[in-house]
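Below is one structure, written out as structure tokens; the observations come after it.
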Amino acid sequence: MIPIEASAPAKVILFGEHAVVYGQPAIAVPVSSLRATATARPGDHTGLRIVASNLNQTTVIDSLSQSIDDALALTARLLLQRLDAPIPNLEITLRSQIPVASGLGSGAAITTALARALVEALDAKLDTAELNAIVYEVEKLHHGTPSGIDNTVIVYEQPVYFIRGNPIEHIHIAEPFTLLIADTGKPGLTRIAVGDVRTLYESQRERIQPMLDDIGNIVRRARQSIETGSIEQLGPLMSRNHALLQELTVSSPELDVLVQAALKAGAAGAKMSGGGRGGNMIALVSPESAETVSSALRSAGAVRVIETRVAPLPND
Ligand code: PMV
């Protein structure tokens with residue numbers, strides 16, 4: 001067997017995080033230039049060894065009934081059960097370019113890459129919807145009650161318009177646009193932020209529900225703008241979405257500083273992205289302003305700035 005390599009991209013949420021948990025739509029796009037990769041080779045031990053090289057961690061699976069408290073072992077077990085396959089004698093090495101705990105979907109991408117490498121190494125078949133369901137199950141370990149947007153955009157590697165529980169809708173990108181993704185350097189605390197929004201929602205539903213509805217309206221308008229190529233409308237929609245996320249208490253001083261710095265340096269719009277309280281923000285820039293906004297973000301404290309182009313898929 002020659003080594004088998006499989007991979008999956010990072011992702012970024014453009015609009016609708018948090019409100020998506022309450023049934024509102026959200027839009028997310030893959031970031032194909034940042035990837036998690038899994039390489040499978042025949043093992044020299046009995047059983048399945050999964051080596052997470054970034055974490056210096058090795059997981060050995062030699063019994064399908066062993067207790068599963070980590071995401072890698074759970075991925076392998078769910079997959080082998082679904083394929084009705086015994087534990088293979090393989091070593092799978094995982095590598096990832098995706099920063100962890102920053103809202104870029106590192107966990108879902110690693111799970112997806114691992115599952116794909118296993119399927120291929122076993123010479124099996126698994127359709128995309130089934131893979132998505134397995135990655136979703138594993139996401140529950142990280143997030144508790146995830147909406148499913150992360151695994152969906154990562155597994156399908158296409159821009160998605162996501163409504164919890166509904167069939168997946170893919171978005172057509174009429175005109176390409178450029179985003180900067182800037183990292184506050186503080187870990188994002190998705191689980192805590194989601195829990196805090198839940199507490200707010202339960203205690204002040206009459207105040208919070210209209211904000212969630214407003215976010216839903218922003219997302220629907222953003223979809224229209226993206227699908228008709230009216231990119232100039234996206235910036236103000238991002239800024240309004242950010243203001244609502246601030247009211248939901250999921251932004252942070254670091255995120256707000258970066259959002260302000262991006263706007264001041266000429267970004268058309270900016271907002272936090274993902275769970276919040278840390279992690280990343282995104283800024284919409286023209287190709288001409290990208291460099292200036294990027295250095296303004298670094299000066300304002302961003303520890304990493306990634307430029308990504310959201311473009312139509314081939315054949316779309
Ligand atoms: O922190 P991330 O990028 O995994 O995003 C979480 C998105 C939320 O809407 C806050 C939660 C969810 O499950 O959709």
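Residue names in the structure tokens use chain letters A, B, ... in the order shown, residue numbers from 1 in each chain, and ligand numbers from 1 in the order shown.
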
Exercise. Select the residues contacting ligand 1 at a distance of at most 7 Å, based on only C-alpha atoms and all ligand atoms, then format the selection as a ChimeraX atom specification.
Key: /A:12-13,17-21,102-105,143,145-150,188,190,194,273-276

Expected file: the selected residues, all heavy atoms, as a compact mmCIF listing (two decimals), in the first residue's frame:
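Saved the output as out_16.txt:
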# COMPACT_ATOMS: atom_id res chain seq x y z
N VAL A 12 -14.62 29.71 7.51
CA VAL A 12 -14.89 30.93 8.26
C VAL A 12 -16.39 31.23 8.13
O VAL A 12 -16.98 30.99 7.07
CB VAL A 12 -13.96 32.06 7.76
CG1 VAL A 12 -14.37 32.64 6.44
CG2 VAL A 12 -13.78 33.13 8.77
N ILE A 13 -16.99 31.67 9.23
CA ILE A 13 -18.41 32.04 9.17
C ILE A 13 -18.50 33.51 8.76
O ILE A 13 -17.87 34.37 9.38
CB ILE A 13 -19.12 31.82 10.54
CG1 ILE A 13 -19.08 30.32 10.90
CG2 ILE A 13 -20.57 32.32 10.49
CD1 ILE A 13 -19.74 29.97 12.22
N GLU A 17 -23.45 33.63 12.89
CA GLU A 17 -23.07 32.76 14.03
C GLU A 17 -23.94 33.11 15.24
O GLU A 17 -24.45 34.23 15.36
CB GLU A 17 -21.58 32.86 14.38
CG GLU A 17 -21.01 34.23 14.62
CD GLU A 17 -20.61 34.88 13.31
OE1 GLU A 17 -19.48 34.74 12.85
OE2 GLU A 17 -21.48 35.60 12.76
N HIS A 18 -24.07 32.19 16.12
CA HIS A 18 -24.92 32.25 17.32
C HIS A 18 -26.42 32.24 16.98
O HIS A 18 -27.14 31.39 17.49
CB HIS A 18 -24.57 33.45 18.23
CG HIS A 18 -23.28 33.20 18.96
ND1 HIS A 18 -23.20 32.33 20.02
CD2 HIS A 18 -22.02 33.67 18.75
CE1 HIS A 18 -21.94 32.29 20.45
NE2 HIS A 18 -21.20 33.09 19.69
N ALA A 19 -26.88 33.16 16.11
CA ALA A 19 -28.31 33.13 15.77
C ALA A 19 -28.66 31.80 15.09
O ALA A 19 -29.78 31.31 15.21
CB ALA A 19 -28.65 34.31 14.87
N VAL A 20 -27.66 31.19 14.43
CA VAL A 20 -27.89 29.92 13.73
C VAL A 20 -28.30 28.81 14.71
O VAL A 20 -29.04 27.89 14.36
CB VAL A 20 -26.62 29.52 12.92
CG1 VAL A 20 -25.46 29.13 13.82
CG2 VAL A 20 -26.91 28.42 11.92
N VAL A 21 -27.86 28.94 15.95
CA VAL A 21 -28.22 27.94 16.97
C VAL A 21 -29.74 27.99 17.23
O VAL A 21 -30.35 27.00 17.62
CB VAL A 21 -27.42 28.22 18.27
CG1 VAL A 21 -27.86 27.34 19.41
CG2 VAL A 21 -25.92 28.08 18.01
N SER A 102 -9.76 28.92 17.29
CA SER A 102 -9.81 30.28 16.76
C SER A 102 -10.98 30.49 15.82
O SER A 102 -11.05 31.46 15.11
CB SER A 102 -8.49 30.59 16.04
OG SER A 102 -8.38 29.75 14.91
N GLY A 103 -11.92 29.53 15.80
CA GLY A 103 -13.11 29.70 14.97
C GLY A 103 -12.88 29.34 13.51
O GLY A 103 -13.70 29.68 12.66
N LEU A 104 -11.77 28.65 13.22
CA LEU A 104 -11.50 28.30 11.82
C LEU A 104 -11.81 26.83 11.51
O LEU A 104 -11.51 26.34 10.44
CB LEU A 104 -10.05 28.63 11.45
CG LEU A 104 -9.70 30.12 11.46
CD1 LEU A 104 -8.24 30.34 11.10
CD2 LEU A 104 -10.58 30.91 10.52
N GLY A 105 -12.40 26.16 12.47
CA GLY A 105 -12.87 24.79 12.21
C GLY A 105 -11.78 23.75 12.25
O GLY A 105 -11.90 22.69 11.61
N HIS A 143 -18.09 20.90 21.18
CA HIS A 143 -18.98 22.06 21.32
C HIS A 143 -20.25 21.80 22.11
O HIS A 143 -21.04 22.71 22.30
CB HIS A 143 -19.42 22.55 19.93
CG HIS A 143 -18.37 23.35 19.21
ND1 HIS A 143 -17.46 24.11 19.88
CD2 HIS A 143 -18.12 23.52 17.91
CE1 HIS A 143 -16.67 24.69 19.00
NE2 HIS A 143 -17.05 24.35 17.79
N THR A 145 -23.52 21.26 21.82
CA THR A 145 -24.68 21.20 20.91
C THR A 145 -24.42 22.05 19.67
O THR A 145 -25.05 23.09 19.49
CB THR A 145 -25.94 21.73 21.60
OG1 THR A 145 -25.61 23.04 22.12
CG2 THR A 145 -26.41 20.83 22.71
N PRO A 146 -23.49 21.66 18.82
CA PRO A 146 -23.17 22.49 17.66
C PRO A 146 -24.34 22.55 16.68
O PRO A 146 -25.13 21.60 16.59
CB PRO A 146 -21.99 21.77 17.02
CG PRO A 146 -22.07 20.36 17.49
CD PRO A 146 -22.74 20.40 18.84
N SER A 147 -24.44 23.66 15.96
CA SER A 147 -25.53 23.79 14.98
C SER A 147 -25.30 22.87 13.78
O SER A 147 -26.24 22.52 13.08
CB SER A 147 -25.63 25.23 14.49
OG SER A 147 -24.45 25.58 13.79
N GLY A 148 -24.03 22.54 13.51
CA GLY A 148 -23.72 21.70 12.34
C GLY A 148 -23.13 22.50 11.19
O GLY A 148 -22.76 21.94 10.15
N ILE A 149 -23.00 23.81 11.34
CA ILE A 149 -22.50 24.62 10.21
C ILE A 149 -21.03 24.32 9.91
O ILE A 149 -20.64 24.22 8.75
CB ILE A 149 -22.76 26.13 10.44
CG1 ILE A 149 -22.41 26.90 9.15
CG2 ILE A 149 -21.99 26.68 11.64
CD1 ILE A 149 -22.88 28.33 9.14
N ASP A 150 -20.22 24.13 10.97
CA ASP A 150 -18.78 23.93 10.76
C ASP A 150 -18.51 22.67 9.94
O ASP A 150 -17.82 22.70 8.93
CB ASP A 150 -18.05 23.78 12.10
CG ASP A 150 -17.85 25.10 12.80
OD1 ASP A 150 -18.53 26.07 12.43
OD2 ASP A 150 -17.02 25.16 13.73
N GLY A 188 -10.63 31.33 21.21
CA GLY A 188 -12.08 31.54 21.16
C GLY A 188 -12.74 30.60 22.16
O GLY A 188 -12.27 29.49 22.37
N THR A 190 -15.97 29.13 22.30
CA THR A 190 -17.28 28.91 21.69
C THR A 190 -18.29 28.32 22.68
O THR A 190 -19.41 28.81 22.78
CB THR A 190 -17.12 27.97 20.47
OG1 THR A 190 -16.27 28.63 19.54
CG2 THR A 190 -18.45 27.69 19.81
N VAL A 194 -21.60 30.28 23.63
CA VAL A 194 -22.91 29.71 23.27
C VAL A 194 -23.78 29.54 24.53
O VAL A 194 -24.97 29.85 24.53
CB VAL A 194 -22.73 28.35 22.52
CG1 VAL A 194 -24.05 27.60 22.39
CG2 VAL A 194 -22.12 28.59 21.14
N SER A 273 -15.91 36.56 13.92
CA SER A 273 -16.38 35.39 13.17
C SER A 273 -16.29 34.15 14.06
O SER A 273 -15.27 33.91 14.69
CB SER A 273 -15.51 35.20 11.93
OG SER A 273 -15.85 34.00 11.29
N GLY A 274 -17.37 33.39 14.11
CA GLY A 274 -17.36 32.16 14.91
C GLY A 274 -17.91 32.41 16.31
O GLY A 274 -18.69 33.33 16.54
N GLY A 275 -17.44 31.61 17.26
CA GLY A 275 -17.99 31.63 18.61
C GLY A 275 -17.72 32.93 19.35
O GLY A 275 -18.50 33.36 20.18
N GLY A 276 -16.58 33.57 19.08
CA GLY A 276 -16.28 34.87 19.70
C GLY A 276 -15.57 34.77 21.03
O GLY A 276 -15.04 33.73 21.40

Excluding same-chain residues fewer than 2 positions from region 216-226 of chain A, what lies within 8 Å of it counting only C-alpha atoms, as a PDB file with N, CA and C atoms, in the first residue's frame?
ATOM      1  N   PHE A  15     -21.578  35.260   8.155  1.00  0.00           N
ATOM      2  CA  PHE A  15     -22.744  35.898   8.782  1.00  0.00           C
ATOM      3  C   PHE A  15     -23.523  34.858   9.580  1.00  0.00           C
ATOM      4  N   GLY A  16     -24.118  35.289  10.673  1.00  0.00           N
ATOM      5  CA  GLY A  16     -25.163  34.483  11.311  1.00  0.00           C
ATOM      6  C   GLY A  16     -24.741  33.584  12.459  1.00  0.00           C
ATOM      7  N   ALA A  19     -26.877  33.164  16.111  1.00  0.00           N
ATOM      8  CA  ALA A  19     -28.309  33.126  15.775  1.00  0.00           C
ATOM      9  C   ALA A  19     -28.656  31.800  15.095  1.00  0.00           C
ATOM     10  N   GLN A  24     -31.938  30.522  12.886  1.00  0.00           N
ATOM     11  CA  GLN A  24     -31.718  31.527  11.838  1.00  0.00           C
ATOM     12  C   GLN A  24     -30.700  30.985  10.828  1.00  0.00           C
ATOM     13  N   PRO A  25     -30.691  31.540   9.603  1.00  0.00           N
ATOM     14  CA  PRO A  25     -29.691  31.083   8.644  1.00  0.00           C
ATOM     15  C   PRO A  25     -28.304  31.646   8.959  1.00  0.00           C
ATOM     16  N   ALA A  26     -27.284  30.998   8.440  1.00  0.00           N
ATOM     17  CA  ALA A  26     -25.911  31.519   8.542  1.00  0.00           C
ATOM     18  C   ALA A  26     -25.182  31.178   7.246  1.00  0.00           C
ATOM     19  N   ILE A  27     -24.142  31.948   6.963  1.00  0.00           N
ATOM     20  CA  ILE A  27     -23.353  31.719   5.740  1.00  0.00           C
ATOM     21  C   ILE A  27     -21.907  31.453   6.151  1.00  0.00           C
ATOM     22  N   TYR A 161     -25.285  28.113   2.761  1.00  0.00           N
ATOM     23  CA  TYR A 161     -26.335  28.865   3.444  1.00  0.00           C
ATOM     24  C   TYR A 161     -26.992  27.810   4.312  1.00  0.00           C
ATOM     25  N   ILE A 171     -24.283  28.188  -1.910  1.00  0.00           N
ATOM     26  CA  ILE A 171     -24.422  29.568  -2.392  1.00  0.00           C
ATOM     27  C   ILE A 171     -23.581  29.752  -3.635  1.00  0.00           C
ATOM     28  N   HIS A 172     -24.153  30.418  -4.605  1.00  0.00           N
ATOM     29  CA  HIS A 172     -23.389  30.740  -5.809  1.00  0.00           C
ATOM     30  C   HIS A 172     -22.706  32.096  -5.588  1.00  0.00           C
ATOM     31  N   ILE A 173     -21.410  32.133  -5.802  1.00  0.00           N
ATOM     32  CA  ILE A 173     -20.671  33.405  -5.639  1.00  0.00           C
ATOM     33  C   ILE A 173     -20.653  34.080  -7.014  1.00  0.00           C
ATOM     34  N   ALA A 174     -21.372  35.188  -7.146  1.00  0.00           N
ATOM     35  CA  ALA A 174     -21.450  35.832  -8.475  1.00  0.00           C
ATOM     36  C   ALA A 174     -20.163  36.594  -8.787  1.00  0.00           C
ATOM     37  N   GLU A 175     -19.625  37.280  -7.797  1.00  0.00           N
ATOM     38  CA  GLU A 175     -18.395  38.080  -7.973  1.00  0.00           C
ATOM     39  C   GLU A 175     -17.419  37.708  -6.871  1.00  0.00           C
ATOM     40  N   LEU A 212     -31.977  38.228  17.291  1.00  0.00           N
ATOM     41  CA  LEU A 212     -31.713  37.028  16.481  1.00  0.00           C
ATOM     42  C   LEU A 212     -32.438  37.163  15.139  1.00  0.00           C
ATOM     43  N   ASP A 213     -33.668  37.701  15.176  1.00  0.00           N
ATOM     44  CA  ASP A 213     -34.415  37.910  13.924  1.00  0.00           C
ATOM     45  C   ASP A 213     -33.679  38.907  13.024  1.00  0.00           C
ATOM     46  N   ASP A 214     -33.136  39.969  13.637  1.00  0.00           N
ATOM     47  CA  ASP A 214     -32.382  40.960  12.845  1.00  0.00           C
ATOM     48  C   ASP A 214     -31.179  40.298  12.178  1.00  0.00           C
ATOM     49  N   THR A 228     -25.908  38.003  -6.252  1.00  0.00           N
ATOM     50  CA  THR A 228     -26.111  38.930  -7.373  1.00  0.00           C
ATOM     51  C   THR A 228     -24.842  39.742  -7.641  1.00  0.00           C
ATOM     52  N   GLY A 229     -23.812  39.480  -6.885  1.00  0.00           N
ATOM     53  CA  GLY A 229     -22.548  40.199  -7.104  1.00  0.00           C
ATOM     54  C   GLY A 229     -22.578  41.629  -6.592  1.00  0.00           C
ATOM     55  N   SER A 230     -23.515  41.946  -5.672  1.00  0.00           N
ATOM     56  CA  SER A 230     -23.578  43.312  -5.112  1.00  0.00           C
ATOM     57  C   SER A 230     -22.697  43.368  -3.868  1.00  0.00           C
ATOM     58  N   ILE A 231     -21.403  43.232  -4.094  1.00  0.00           N
ATOM     59  CA  ILE A 231     -20.464  43.077  -2.976  1.00  0.00           C
ATOM     60  C   ILE A 231     -20.419  44.344  -2.110  1.00  0.00           C
ATOM     61  N   GLN A 233     -22.687  45.899  -0.908  1.00  0.00           N
ATOM     62  CA  GLN A 233     -23.680  45.855   0.180  1.00  0.00           C
ATOM     63  C   GLN A 233     -23.211  44.999   1.371  1.00  0.00           C
ATOM     64  N   LEU A 234     -22.179  44.186   1.121  1.00  0.00           N
ATOM     65  CA  LEU A 234     -21.778  43.241   2.171  1.00  0.00           C
ATOM     66  C   LEU A 234     -21.122  43.918   3.376  1.00  0.00           C
ATOM     67  N   LEU A 237     -23.461  45.278   5.947  1.00  0.00           N
ATOM     68  CA  LEU A 237     -24.167  44.158   6.591  1.00  0.00           C
ATOM     69  C   LEU A 237     -23.263  43.483   7.631  1.00  0.00           C
ATOM     70  N   ARG A 240     -23.182  45.658  10.735  1.00  0.00           N
ATOM     71  CA  ARG A 240     -24.422  45.543  11.524  1.00  0.00           C
ATOM     72  C   ARG A 240     -24.477  44.214  12.263  1.00  0.00           C
ATOM     73  N   ASN A 241     -24.027  43.170  11.591  1.00  0.00           N
ATOM     74  CA  ASN A 241     -23.995  41.854  12.246  1.00  0.00           C
ATOM     75  C   ASN A 241     -23.067  41.896  13.463  1.00  0.00           C
TER      76      ASN A 241
END

Region 110-216 of chain A residues near region 33-46 of chain A within 12 Å, closest pair each, using only C-alpha atoms, as a Markdown table:
| residue | atom | partner | partner_atom | distance |
| --- | --- | --- | --- | --- |
| A:Ile110 | CA | A:Ala36 | CA | 5.4 |
| A:Thr111 | CA | A:Ala36 | CA | 8.8 |
| A:Thr112 | CA | A:Ala36 | CA | 8.5 |
| A:Ala113 | CA | A:Ala38 | CA | 5.4 |
| A:Leu114 | CA | A:Ala38 | CA | 5.4 |
| A:Ala115 | CA | A:Ala38 | CA | 8.6 |
| A:Arg116 | CA | A:Ala38 | CA | 8.1 |
| A:Ala117 | CA | A:Ala38 | CA | 6.0 |
| A:Leu118 | CA | A:Ala40 | CA | 7.3 |
| A:Val119 | CA | A:Ala40 | CA | 10.2 |
| A:Glu120 | CA | A:Ala40 | CA | 8.9 |
| A:Ala121 | CA | A:Ala40 | CA | 6.7 |
| A:Leu122 | CA | A:Ala40 | CA | 10.1 |
| A:Ile154 | CA | A:Arg35 | CA | 10.0 |
| A:Val155 | CA | A:Ala36 | CA | 11.9 |
| A:Glu157 | CA | A:Arg35 | CA | 11.1 |
| A:Ile181 | CA | A:Leu34 | CA | 11.7 |

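Closest approach to Val293 (chain A) from the set A:Gly23, A:Gly269, A:Pro3, A:Pro159 is made by A:Gly269, with distances taken over only C-alpha atoms.
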
Determine which residues of region 118-304 of chain A DSSP labels as strand (DSSP E or B) from the backbone of this structure, then write them out as a short mmCIF file (atom, residue, chain, number, x, y, z; two decimals) with N, CA, C and O atoms, in the first residue's frame.
data_model
loop_
_atom_site.label_atom_id
_atom_site.label_comp_id
_atom_site.auth_asym_id
_atom_site.auth_seq_id
_atom_site.Cartn_x
_atom_site.Cartn_y
_atom_site.Cartn_z
N VAL A 160 -21.80 27.69 2.03
CA VAL A 160 -23.13 27.18 2.38
C VAL A 160 -24.00 28.25 3.02
O VAL A 160 -23.52 29.15 3.71
N TYR A 161 -25.28 28.11 2.76
CA TYR A 161 -26.33 28.87 3.44
C TYR A 161 -26.99 27.81 4.31
O TYR A 161 -27.62 26.88 3.81
N PHE A 162 -26.79 27.95 5.61
CA PHE A 162 -27.10 26.84 6.51
C PHE A 162 -28.24 27.20 7.45
O PHE A 162 -28.19 28.23 8.12
N GLU A 169 -28.01 24.14 1.58
CA GLU A 169 -28.12 24.97 0.37
C GLU A 169 -26.74 25.53 0.07
O GLU A 169 -26.11 26.12 0.95
N HIS A 170 -26.29 25.36 -1.15
CA HIS A 170 -25.01 25.93 -1.54
C HIS A 170 -25.24 27.31 -2.11
O HIS A 170 -26.27 27.57 -2.72
N PHE A 177 -14.70 38.01 -3.95
CA PHE A 177 -14.33 39.07 -3.01
C PHE A 177 -13.23 38.59 -2.08
O PHE A 177 -12.99 37.38 -1.96
N THR A 178 -12.56 39.56 -1.45
CA THR A 178 -11.38 39.24 -0.64
C THR A 178 -11.67 39.52 0.83
O THR A 178 -12.23 40.56 1.17
N LEU A 179 -11.26 38.57 1.65
CA LEU A 179 -11.41 38.74 3.09
C LEU A 179 -10.05 38.64 3.76
O LEU A 179 -9.20 37.86 3.33
N LEU A 180 -9.87 39.40 4.82
CA LEU A 180 -8.74 39.17 5.71
C LEU A 180 -9.29 38.51 6.96
O LEU A 180 -10.36 38.90 7.46
N ILE A 181 -8.58 37.51 7.42
CA ILE A 181 -8.99 36.81 8.65
C ILE A 181 -7.90 37.11 9.67
O ILE A 181 -6.74 36.73 9.47
N ALA A 182 -8.24 37.83 10.73
CA ALA A 182 -7.21 38.25 11.69
C ALA A 182 -7.46 37.63 13.04
O ALA A 182 -8.59 37.64 13.56
N ASP A 183 -6.40 37.11 13.62
CA ASP A 183 -6.48 36.36 14.87
C ASP A 183 -6.12 37.26 16.05
O ASP A 183 -5.05 37.87 16.06
N GLY A 269 -16.10 46.51 5.51
CA GLY A 269 -16.91 46.00 6.61
C GLY A 269 -16.05 45.07 7.43
O GLY A 269 -15.01 44.59 6.96
N ALA A 270 -16.44 44.84 8.69
CA ALA A 270 -15.65 43.94 9.53
C ALA A 270 -16.54 43.40 10.63
O ALA A 270 -17.47 44.07 11.08
N LYS A 271 -16.24 42.19 11.06
CA LYS A 271 -17.00 41.60 12.16
C LYS A 271 -16.19 40.46 12.80
O LYS A 271 -15.29 39.91 12.16
N MET A 272 -16.57 40.10 14.01
CA MET A 272 -16.02 38.88 14.59
C MET A 272 -16.57 37.70 13.81
O MET A 272 -17.58 37.82 13.10
N ASN A 280 -11.01 34.71 15.84
CA ASN A 280 -10.76 35.55 14.66
C ASN A 280 -11.87 36.55 14.36
O ASN A 280 -13.02 36.35 14.73
N MET A 281 -11.46 37.59 13.64
CA MET A 281 -12.42 38.50 13.02
C MET A 281 -12.15 38.48 11.51
O MET A 281 -11.09 38.02 11.07
N ILE A 282 -13.12 38.98 10.75
CA ILE A 282 -12.92 39.06 9.30
C ILE A 282 -13.16 40.49 8.82
O ILE A 282 -13.97 41.21 9.41
N ALA A 283 -12.46 40.86 7.78
CA ALA A 283 -12.64 42.19 7.19
C ALA A 283 -12.77 42.03 5.68
O ALA A 283 -12.05 41.24 5.06
N LEU A 284 -13.71 42.75 5.11
CA LEU A 284 -13.91 42.73 3.66
C LEU A 284 -13.06 43.84 3.06
O LEU A 284 -13.20 45.01 3.45
N VAL A 285 -12.18 43.47 2.14
CA VAL A 285 -11.25 44.46 1.58
C VAL A 285 -11.25 44.39 0.06
O VAL A 285 -11.59 43.36 -0.52
N ARG A 304 -1.95 37.05 13.62
CA ARG A 304 -1.87 36.42 12.31
C ARG A 304 -2.95 37.02 11.43
O ARG A 304 -4.07 37.26 11.90
#

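Inside region 2-91 of chain A, the residues DSSP reads as alpha helix (DSSP H) when given the backbone are Ala71, Leu72, Ala73, Leu74, Thr75, Ala76, Arg77, Leu78, Leu79, Leu80, Gln81, Arg82 and Leu83 of chain A.
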
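For the set A:Ala133, A:Leu78, A:Val259, A:Ala52, the residue with the smallest atom-to-atom gap to Ser96 (chain A) is A:Ala52, counting only C-alpha atoms.
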
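Distance check against His142 (chain A) using only C-alpha atoms: of A:Ser106, A:Ser203, A:Asn166, A:Gln97, the minimum falls on A:Ser106.
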
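As for CA of Ile87 (chain A) and CA of Val135 (chain A), they are spaced 19.0 Å apart.
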
Quiz item: Of the residues A:Thr249, A:Ser289, A:Asn56, A:Gln260, which is the one nearest to Tyr201 (chain A), using only C-alpha atoms?
Solution: A:Thr249

Exercise. Considering only C-alpha atoms, state which residue in the set A:Ala311, A:Ile92, A:Val60, A:Ala262 is at the smallest distance from Pro30 (chain A).
Key: A:Ala311

Exercise. One decimal, Å: what's the distance from CA of Ala28 (chain A) over to CA of Pro210 (chain A), could you say?
Key: 22.4 Å

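The interatomic distance for the pair CA of Leu244 (chain A) and CA of Ile163 (chain A) works out to 18.9 Å.
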
Quiz item: Residues at most 8 Å from Leu248 (chain A), counting only C-alpha atoms, excluding those fewer than 6 positions away in the same chain, as an NGL selection string?
Solution: :A and (197 or 200 or 208)
